[in-house]
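Asker: My structure file target.pdb, PDB, C-alpha atoms, is below:
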MODEL        1
ATOM      1  CA  MET A   1      12.169   8.888  27.193
ATOM      2  CA  LYS A   2      12.084   8.286  23.442
ATOM      3  CA  GLN A   3       9.261   5.958  22.397
ATOM      4  CA  LYS A   4      10.594   2.731  20.893
ATOM      5  CA  ILE A   5       8.975   1.823  17.594
ATOM      6  CA  THR A   6       9.068  -1.342  15.507
ATOM      7  CA  VAL A   7       8.976  -0.919  11.724
ATOM      8  CA  THR A   8       7.550  -3.810   9.689
ATOM      9  CA  ILE A   9       8.148  -4.268   5.962
ATOM     10  CA  ILE A  10       6.875  -7.033   3.678
ATOM     11  CA  THR A  11       9.002  -7.964   0.677
ATOM     12  CA  LEU A  12       9.255 -10.053  -2.457
ATOM     13  CA  ASN A  13      12.239  -9.390  -4.732
ATOM     14  CA  GLU A  14      12.801  -5.837  -3.525
ATOM     15  CA  GLU A  15      16.587  -5.558  -3.901
ATOM     16  CA  ASP A  16      16.179  -2.263  -5.783
ATOM     17  CA  HIS A  17      14.357  -0.655  -2.846
ATOM     18  CA  ILE A  18      15.080  -2.412   0.438
ATOM     19  CA  GLU A  19      18.319  -0.670   1.443
ATOM     20  CA  ALA A  20      16.896   2.841   1.021
ATOM     21  CA  CYS A  21      13.665   1.834   2.759
ATOM     22  CA  ILE A  22      15.481   0.427   5.792
ATOM     23  CA  ALA A  23      17.857   3.398   5.966
ATOM     24  CA  SER A  24      14.838   5.703   6.035
ATOM     25  CA  ALA A  25      13.054   3.577   8.651
ATOM     26  CA  TRP A  26      16.031   3.615  11.023
ATOM     27  CA  GLN A  27      15.421   7.347  11.534
ATOM     28  CA  VAL A  28      12.508   6.422  13.841
ATOM     29  CA  ALA A  29      12.854   2.675  14.480
ATOM     30  CA  ASP A  30      14.206   0.791  17.467
ATOM     31  CA  GLU A  31      13.933  -2.437  15.462
ATOM     32  CA  ILE A  32      12.984  -3.379  11.916
ATOM     33  CA  ILE A  33      11.277  -6.631  10.958
ATOM     34  CA  VAL A  34      11.222  -7.700   7.303
ATOM     35  CA  VAL A  35       8.727 -10.421   6.382
ATOM     36  CA  ASP A  36       9.912 -11.878   3.093
ATOM     37  CA  SER A  37       7.858 -14.228   0.931
ATOM     38  CA  HIS A  38      10.794 -16.236  -0.453
ATOM     39  CA  SER A  39      12.525 -13.657  -2.635
ATOM     40  CA  SER A  40      14.753 -15.088  -5.362
ATOM     41  CA  ASP A  41      17.013 -12.021  -5.452
ATOM     42  CA  LYS A  42      19.276 -10.484  -2.778
ATOM     43  CA  THR A  43      16.489  -8.892  -0.725
ATOM     44  CA  ARG A  44      16.973 -10.963   2.441
ATOM     45  CA  ASP A  45      20.768 -10.654   2.509
ATOM     46  CA  MET A  46      20.594  -6.921   1.912
ATOM     47  CA  ALA A  47      17.988  -6.457   4.646
ATOM     48  CA  LYS A  48      20.116  -8.395   7.153
ATOM     49  CA  LYS A  49      23.182  -6.313   6.299
ATOM     50  CA  CYS A  50      21.131  -3.194   6.979
ATOM     51  CA  GLY A  51      20.339  -4.447  10.494
ATOM     52  CA  ALA A  52      16.809  -5.748   9.985
ATOM     53  CA  ARG A  53      15.490  -9.007  11.405
ATOM     54  CA  VAL A  54      14.324 -11.136   8.464
ATOM     55  CA  ILE A  55      11.534 -13.688   8.750
ATOM     56  CA  GLU A  56      10.517 -15.846   5.798
ATOM     57  CA  GLN A  57       6.812 -16.468   5.343
ATOM     58  CA  THR A  58       4.911 -17.764   2.325
ATOM     59  CA  TYR A  59       2.588 -15.006   1.114
ATOM     60  CA  LEU A  60      -0.684 -15.049   3.050
ATOM     61  CA  GLY A  61      -2.425 -12.161   1.317
ATOM     62  CA  ASP A  62      -1.825  -8.455   1.838
ATOM     63  CA  GLY A  63      -3.565  -8.062   5.203
ATOM     64  CA  PRO A  64      -2.351 -11.238   6.945
ATOM     65  CA  GLN A  65       1.182 -10.754   5.590
ATOM     66  CA  LYS A  66       1.401  -7.214   6.971
ATOM     67  CA  ASP A  67       0.130  -8.445  10.341
ATOM     68  CA  PHE A  68       2.440 -11.464  10.472
ATOM     69  CA  GLY A  69       5.571  -9.675  11.652
ATOM     70  CA  VAL A  70       3.803  -7.910  14.519
ATOM     71  CA  GLN A  71       3.886 -11.034  16.694
ATOM     72  CA  PHE A  72       7.694 -10.777  16.787
ATOM     73  CA  ALA A  73       7.800  -7.063  17.686
ATOM     74  CA  ARG A  74       9.321  -6.026  20.999
ATOM     75  CA  ASN A  75       7.413  -2.737  21.005
ATOM     76  CA  ASP A  76       3.758  -1.744  21.239
ATOM     77  CA  TRP A  77       3.875   0.895  18.503
ATOM     78  CA  ILE A  78       4.289  -0.320  14.928
ATOM     79  CA  LEU A  79       5.059   1.632  11.778
ATOM     80  CA  HIS A  80       4.383  -0.299   8.582
ATOM     81  CA  LEU A  81       6.174   0.610   5.362
ATOM     82  CA  ASP A  82       6.185  -0.937   1.918
ATOM     83  CA  ALA A  83       9.644  -1.511   0.484
ATOM     84  CA  ASP A  84       9.196   1.254  -2.099
ATOM     85  CA  GLU A  85       8.324   3.858   0.556
ATOM     86  CA  ARG A  86      10.436   6.394   2.467
ATOM     87  CA  LEU A  87       9.798   8.928   5.261
ATOM     88  CA  ASP A  88      10.230  12.638   4.600
ATOM     89  CA  ASP A  89      11.799  14.925   7.230
ATOM     90  CA  GLU A  90       8.454  16.223   8.490
ATOM     91  CA  MET A  91       7.126  12.715   9.022
ATOM     92  CA  VAL A  92      10.267  11.780  10.969
ATOM     93  CA  SER A  93       9.887  14.856  13.199
ATOM     94  CA  GLU A  94       6.195  14.176  13.818
ATOM     95  CA  ILE A  95       6.762  10.540  14.755
ATOM     96  CA  LYS A  96       9.432  11.592  17.246
ATOM     97  CA  SER A  97       7.232  14.311  18.743
ATOM     98  CA  ILE A  98       4.112  12.227  19.478
ATOM     99  CA  ASP A  99       3.227  11.764  23.164
ATOM    100  CA  TYR A 100       2.577   8.040  22.906
ATOM    101  CA  ALA A 101       1.876   7.524  26.601
ATOM    102  CA  GLY A 102      -0.685  10.329  26.699
ATOM    103  CA  THR A 103      -2.317  10.056  23.275
ATOM    104  CA  ALA A 104      -5.993   9.166  22.988
ATOM    105  CA  TYR A 105      -5.459   7.883  19.442
ATOM    106  CA  ASP A 106      -4.916   4.277  18.424
ATOM    107  CA  ALA A 107      -3.138   5.176  15.199
ATOM    108  CA  PHE A 108      -1.761   7.971  13.018
ATOM    109  CA  ALA A 109      -2.170   8.598   9.299
ATOM    110  CA  PHE A 110       0.296  10.282   6.978
ATOM    111  CA  ARG A 111      -0.042  11.783   3.539
ATOM    112  CA  ARG A 112       1.518   9.834   0.697
ATOM    113  CA  LYS A 113       3.269  11.234  -2.361
ATOM    114  CA  ASN A 114       2.990   8.708  -5.191
ATOM    115  CA  TYR A 115       5.541   8.829  -7.986
ATOM    116  CA  ILE A 116       5.619   7.425 -11.505
ATOM    117  CA  GLY A 117       9.306   7.501 -12.335
ATOM    118  CA  SER A 118      10.592  10.831 -11.040
ATOM    119  CA  ARG A 119       7.242  12.599 -11.378
ATOM    120  CA  TRP A 120       5.033  13.195  -8.353
ATOM    121  CA  GLN A 121       1.407  12.485  -9.254
ATOM    122  CA  LYS A 122      -0.266  15.396  -7.493
ATOM    123  CA  VAL A 123      -3.758  14.346  -8.559
ATOM    124  CA  TRP A 124      -3.466  11.285  -6.263
ATOM    125  CA  TYR A 125      -2.408  13.442  -3.286
ATOM    126  CA  PRO A 126      -2.825  13.478  -0.274
ATOM    127  CA  ASP A 127      -3.752   9.759  -0.288
ATOM    128  CA  TYR A 128      -3.743   9.458   3.534
ATOM    129  CA  MET A 129      -2.500   6.116   4.844
ATOM    130  CA  VAL A 130      -2.901   4.911   8.453
ATOM    131  CA  ARG A 131       0.482   3.342   9.145
ATOM    132  CA  LEU A 132       1.625   4.082  12.713
ATOM    133  CA  TYR A 133      -0.477   2.142  15.224
ATOM    134  CA  HIS A 134      -0.667   0.423  18.599
ATOM    135  CA  LYS A 135      -0.418  -3.304  17.973
ATOM    136  CA  ASN A 136      -3.036  -4.225  20.596
ATOM    137  CA  ARG A 137      -5.655  -1.857  19.198
ATOM    138  CA  CYS A 138      -5.417  -2.178  15.423
ATOM    139  CA  ARG A 139      -5.018  -4.799  12.732
ATOM    140  CA  PHE A 140      -4.912  -4.780   8.954
ATOM    141  CA  ALA A 141      -8.129  -5.941   7.325
ATOM    142  CA  PRO A 142      -7.720  -9.656   6.406
ATOM    143  CA  MET A 143      -7.850  -9.106   2.650
ATOM    144  CA  VAL A 144      -5.933 -10.802  -0.159
ATOM    145  CA  GLY A 145      -5.822  -7.578  -2.180
ATOM    146  CA  HIS A 146      -4.609  -4.174  -1.022
ATOM    147  CA  THR A 147      -5.659  -3.632   2.568
ATOM    148  CA  SER A 148      -5.687  -0.931   5.229
ATOM    149  CA  LEU A 149      -5.654  -0.728   9.011
ATOM    150  CA  THR A 150      -9.051  -1.198  10.619
ATOM    151  CA  THR A 151      -9.476   1.736  12.978
ATOM    152  CA  GLN A 152     -11.579   4.878  13.193
ATOM    153  CA  ASN A 153      -9.638   6.353  16.093
ATOM    154  CA  TYR A 154      -6.703   7.913  14.290
ATOM    155  CA  ARG A 155      -5.191  11.340  13.753
ATOM    156  CA  ARG A 156      -4.092  12.776  10.418
ATOM    157  CA  MET A 157      -0.560  14.149  10.409
ATOM    158  CA  ASN A 158       1.195  16.502   8.002
ATOM    159  CA  GLY A 159       4.256  14.394   7.177
ATOM    160  CA  ASN A 160       4.592  12.478   3.929
ATOM    161  CA  ILE A 161       5.352   8.925   2.918
ATOM    162  CA  ILE A 162       7.356   9.140  -0.289
ATOM    163  CA  HIS A 163       6.108   6.315  -2.485
ATOM    164  CA  TYR A 164       8.107   5.325  -5.552
ATOM    165  CA  SER A 165       5.117   3.501  -6.951
ATOM    166  CA  PHE A 166       6.142   2.702 -10.512
ATOM    167  CA  LYS A 167       9.316   2.927 -12.594
ATOM    168  CA  ASP A 168       7.446   4.425 -15.554
ATOM    169  CA  LEU A 169       4.104   4.309 -17.365
ATOM    170  CA  SER A 170       4.813   0.857 -18.778
ATOM    171  CA  ASP A 171       5.472  -0.468 -15.285
ATOM    172  CA  TYR A 172       2.121   0.944 -14.162
ATOM    173  CA  LEU A 173       0.300  -0.795 -17.018
ATOM    174  CA  VAL A 174       1.893  -4.154 -16.214
ATOM    175  CA  ARG A 175       1.077  -3.908 -12.522
ATOM    176  CA  ALA A 176      -2.402  -2.483 -13.137
ATOM    177  CA  ALA A 177      -3.215  -5.662 -15.052
ATOM    178  CA  LYS A 178      -1.867  -7.772 -12.192
ATOM    179  CA  TYR A 179      -3.495  -5.856  -9.325
ATOM    180  CA  SER A 180      -6.840  -5.411 -11.052
ATOM    181  CA  LYS A 181      -7.069  -9.158 -11.607
ATOM    182  CA  ARG A 182      -6.276  -9.794  -7.941
ATOM    183  CA  ASP A 183      -8.898  -7.248  -6.859
ATOM    184  CA  ALA A 184     -11.381  -8.806  -9.258
ATOM    185  CA  LYS A 185     -10.851 -12.223  -7.689
ATOM    186  CA  VAL A 186     -11.738 -10.820  -4.268
ATOM    187  CA  LEU A 187     -14.852  -9.192  -5.720
ATOM    188  CA  PHE A 188     -15.838 -12.342  -7.610
ATOM    189  CA  GLU A 189     -15.461 -14.559  -4.552
ATOM    190  CA  SER A 190     -17.693 -12.209  -2.554
ATOM    191  CA  ASN A 191     -20.496 -12.989  -5.050
ATOM    192  CA  ARG A 192     -20.917  -9.293  -5.831
ATOM    193  CA  LYS A 193     -23.292  -8.747  -8.742
ATOM    194  CA  VAL A 194     -21.485  -7.137 -11.663
ATOM    195  CA  SER A 195     -23.266  -6.081 -14.842
ATOM    196  CA  SER A 196     -21.799  -5.673 -18.308
ATOM    197  CA  PHE A 197     -22.033  -1.900 -17.813
ATOM    198  CA  ASP A 198     -19.947  -1.842 -14.618
ATOM    199  CA  PRO A 199     -16.497  -1.706 -16.274
ATOM    200  CA  PHE A 200     -17.523   1.409 -18.209
ATOM    201  CA  LEU A 201     -19.404   2.981 -15.294
ATOM    202  CA  HIS A 202     -16.631   2.467 -12.737
ATOM    203  CA  GLY A 203     -13.885   3.383 -15.172
ATOM    204  CA  SER A 204     -15.701   6.583 -16.150
ATOM    205  CA  ALA A 205     -16.461   7.463 -12.528
ATOM    206  CA  SER A 206     -12.789   7.046 -11.644
ATOM    207  CA  PHE A 207     -11.689   9.327 -14.489
ATOM    208  CA  ILE A 208     -14.238  11.978 -13.554
ATOM    209  CA  LYS A 209     -13.173  11.812  -9.906
ATOM    210  CA  TYR A 210      -9.494  12.402 -10.634
ATOM    211  CA  TYR A 211      -9.639  14.637 -13.680
ATOM    212  CA  PHE A 212     -12.447  16.952 -12.618
ATOM    213  CA  PHE A 213     -13.177  16.703  -8.876
ATOM    214  CA  LYS A 214      -9.513  16.309  -7.887
ATOM    215  CA  LYS A 215      -8.509  18.825 -10.580
ATOM    216  CA  GLY A 216      -6.283  16.583 -12.630
ATOM    217  CA  PHE A 217      -6.830  19.018 -15.507
ATOM    218  CA  ALA A 218      -4.742  21.578 -13.585
ATOM    219  CA  TYR A 219      -1.652  19.337 -13.699
ATOM    220  CA  GLY A 220      -1.298  19.041 -17.462
ATOM    221  CA  LEU A 221      -0.134  15.740 -18.915
ATOM    222  CA  ASP A 222       0.634  14.289 -15.463
ATOM    223  CA  GLY A 223      -2.941  14.932 -14.382
ATOM    224  CA  LEU A 224      -4.359  13.380 -17.531
ATOM    225  CA  ASN A 225      -2.088  10.350 -17.245
ATOM    226  CA  ALA A 226      -2.942   9.765 -13.578
ATOM    227  CA  SER A 227      -6.667  10.098 -14.285
ATOM    228  CA  LEU A 228      -6.565   7.713 -17.247
ATOM    229  CA  LEU A 229      -4.437   5.174 -15.393
ATOM    230  CA  GLY A 230      -6.764   5.219 -12.393
ATOM    231  CA  ALA A 231      -9.728   4.743 -14.723
ATOM    232  CA  LEU A 232      -8.018   1.858 -16.496
ATOM    233  CA  ARG A 233      -7.393  -0.069 -13.305
ATOM    234  CA  SER A 234     -11.009   0.372 -12.223
ATOM    235  CA  TYR A 235     -12.259  -0.672 -15.668
ATOM    236  CA  LEU A 236     -10.071  -3.775 -15.708
ATOM    237  CA  LYS A 237     -11.162  -4.830 -12.229
ATOM    238  CA  TYR A 238     -14.809  -5.157 -13.259
ATOM    239  CA  ALA A 239     -13.984  -6.500 -16.721
ATOM    240  CA  HIS A 240     -11.988  -9.306 -15.066
ATOM    241  CA  VAL A 241     -14.957 -10.149 -12.812
ATOM    242  CA  ILE A 242     -17.173 -10.585 -15.872
ATOM    243  CA  ALA A 243     -14.528 -12.752 -17.540
ATOM    244  CA  MET A 244     -14.261 -14.920 -14.419
ATOM    245  CA  ARG A 245     -18.032 -15.282 -14.219
ATOM    246  CA  ASP A 246     -18.336 -16.217 -17.892
ATOM    247  CA  HIS A 247     -15.507 -18.728 -17.563
ATOM    248  CA  THR A 248     -17.252 -20.370 -14.586
ATOM    249  CA  VAL A 249     -20.542 -20.549 -16.487
ATOM    250  CA  THR A 250     -18.789 -22.187 -19.435
ATOM    251  CA  ILE A 251     -17.151 -24.790 -17.205
ATOM    252  CA  ASP A 252     -20.462 -25.532 -15.481
ATOM    253  CA  ALA A 253     -22.178 -25.897 -18.857
ATOM    254  CA  ASN A 254     -19.620 -28.454 -19.927
TER     255      ASN A 254
ENDMDL
END
Please express the file's structure as structure tokens.

Answerer:
Amino acid sequence: MKQKITVTIITLNEEDHIEACIASAWQVADEIIVVDSHSSDKTRDMAKKCGARVIEQTYLGDGPQKDFGVQFARNDWILHLDADERLDDEMVSEIKSIDYAGTAYDAFAFRRKNYIGSRWQKVWYPDYMVRLYHKNRCRFAPMVGHTSLTTQNYRRMNGNIIHYSFKDLSDYLVRAAKYSKRDAKVLFESNRKVSSFDPFLHGSASFIKYYFFKKGFAYGLDGLNASLLGALRSYLKYAHVIAMRDHTVTIDAN
């Protein structure tokens, strides 16, 4: 008997992506649950027309929001997708071939192909993401910023999540500023000590990781761009923490 799977998707103003995401998800899903944080565009209507169950929920943070829809799932096995993600043919075949009743694993991870515009950023590959999981054995880490499933008992698969990350380089820069500030807030609230050298150190380490150790230099301009963009986000994260700390000190002094 075919294993029934629930796909969960969280959304906010994703009308450009949601139809293609849901169409891709239906290749393996028995049901699709979209948790929408009050989109102002046509996301909810489009999702409903595509056959998904739509639940509105004010944004709780990345981890809690991704977990929220699970309580409504009819099935034990959950596949989580972001609205800008799709399944490739190999991933679809692998999901259908898993012996869910006999598996010793709690979850399965898939490689992710990240795109900027139409260009696959090979330097960020394989970027394994644990996304298919048993709902009674795994949960997303309760983080405000980007989170991941908390499990060590998972198997890496060969299929790919196709991730249309950013429209272009400008889109990356805008979102890097947004995400790095959000990540910085999490770091700041954890009372992590950050020195004035950390933005440079972490930014440099990120560039070295991608450009040299992950051989970004072999991918020409794409490799250089991906390495610089990764370094920028890391730099901004720690620079924002310092700015937050200095702002708090100034307020306290007044």

Asker: I'd like to see the residues matched by the PyMOL selection byres ((chain A and resi 92) around 12) on this file, and ideally I'd get them as a list in words.

Answerer: Ser24, Ala25, Trp26, Gln27, Val28, Ala29, Leu79, Arg86, Leu87, Asp88, Asp89, Glu90, Met91, Ser93, Glu94, Ile95, Lys96, Ser97, Ile98, Phe110, Leu132, Met157, Asn158, Gly159, Asn160, Ile161 and Ile162 of chain A

Asker: Please list as a short mmCIF file (atom, residue, chain, number, x, y, z; two decimals) with C-alpha atoms, in the frame of the given file every residue within 12 Å of Ser170 in chain A, counting all atoms listed in the file and excluding residues in the same chain fewer than 4 positions away.

Answerer:
data_model
loop_
_atom_site.label_atom_id
_atom_site.label_comp_id
_atom_site.auth_asym_id
_atom_site.auth_seq_id
_atom_site.Cartn_x
_atom_site.Cartn_y
_atom_site.Cartn_z
CA ILE A 116 5.62 7.42 -11.50
CA GLY A 117 9.31 7.50 -12.34
CA PHE A 166 6.14 2.70 -10.51
CA VAL A 174 1.89 -4.15 -16.21
CA ARG A 175 1.08 -3.91 -12.52
CA ALA A 176 -2.40 -2.48 -13.14
CA ALA A 177 -3.22 -5.66 -15.05
CA ASN A 225 -2.09 10.35 -17.24
CA LEU A 229 -4.44 5.17 -15.39
#

Asker: On this structure, the PyMOL selection byres ((chain A and resi 75) around 8) would catch which residues? List them as a list of chain:residue names, sorted by chain and number.

Answerer: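 When the PyMOL selection byres ((chain A and resi 75) around 8) is applied, the selected residues are A:Lys4, A:Ile5, A:Thr6, A:Ala73, A:Arg74, A:Asp76, A:Trp77, A:Ile78.
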
Asker: Name every residue that the PyMOL selection byres ((chain A and resi 118) around 10) selects in this structure, writing the answer as a list in words with chains first and numbers rising.

Answerer: Asn114, Tyr115, Ile116, Gly117, Arg119, Trp120, Gln121, Tyr164, Phe166, Lys167 and Asp168 of chain A

Asker: Those residues with C-alpha atoms, as a short mmCIF file (atom, residue, chain, number, x, y, z; two decimals), in the coordinates of the input please?

Answerer:
data_model
loop_
_atom_site.label_atom_id
_atom_site.label_comp_id
_atom_site.auth_asym_id
_atom_site.auth_seq_id
_atom_site.Cartn_x
_atom_site.Cartn_y
_atom_site.Cartn_z
CA ASN A 114 2.99 8.71 -5.19
CA TYR A 115 5.54 8.83 -7.99
CA ILE A 116 5.62 7.42 -11.50
CA GLY A 117 9.31 7.50 -12.34
CA ARG A 119 7.24 12.60 -11.38
CA TRP A 120 5.03 13.20 -8.35
CA GLN A 121 1.41 12.48 -9.25
CA TYR A 164 8.11 5.32 -5.55
CA PHE A 166 6.14 2.70 -10.51
CA LYS A 167 9.32 2.93 -12.59
CA ASP A 168 7.45 4.42 -15.55
#

Asker: Could you check which of A:Val130, A:Val35, A:Cys138, A:Ile18 is closest to Glu85 in chain A, using only C-alpha atoms?

Answerer: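 Distance minimum relative to Glu85 in chain A lands on A:Ile18.
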
Asker: Give me, please, the distance in Å between CA of Cys21 in chain A and CA of His80 in chain A, quoted to one decimal.

Answerer: 11.2 Å

Asker: Quick one, how far is CA of Lys237 in chain A from CA of Asp183 in chain A?

Answerer: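 These atoms are spaced 6.3 Å apart.
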
Asker: In Å, with one decimal, what is the gap from CA of Ser148 in chain A to CA of Tyr179 in chain A?

Answerer: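 Computing the Euclidean distance for CA of Ser148 in chain A and CA of Tyr179 in chain A yields 15.5 Å.
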
Asker: Find the axis-aligned box for range 42-59 of chain A, covering all its listed atoms and adding 8 Å on each side, and write its centre and edge lengths in Å to one decimal as AutoDock Vina command-line options.

Answerer:
--center_x 12.9 --center_y -10.5 --center_z 4.3 --size_x 36.6 --size_y 30.6 --size_z 30.2

Asker: So, with only C-alpha atoms as the atoms that count, which of A:Tyr235, A:Tyr154, A:Tyr105, A:Trp124 lies closest to Asp222 in chain A?

Answerer: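 That would be A:Trp124, the residue with the smallest distance to Asp222 in chain A.
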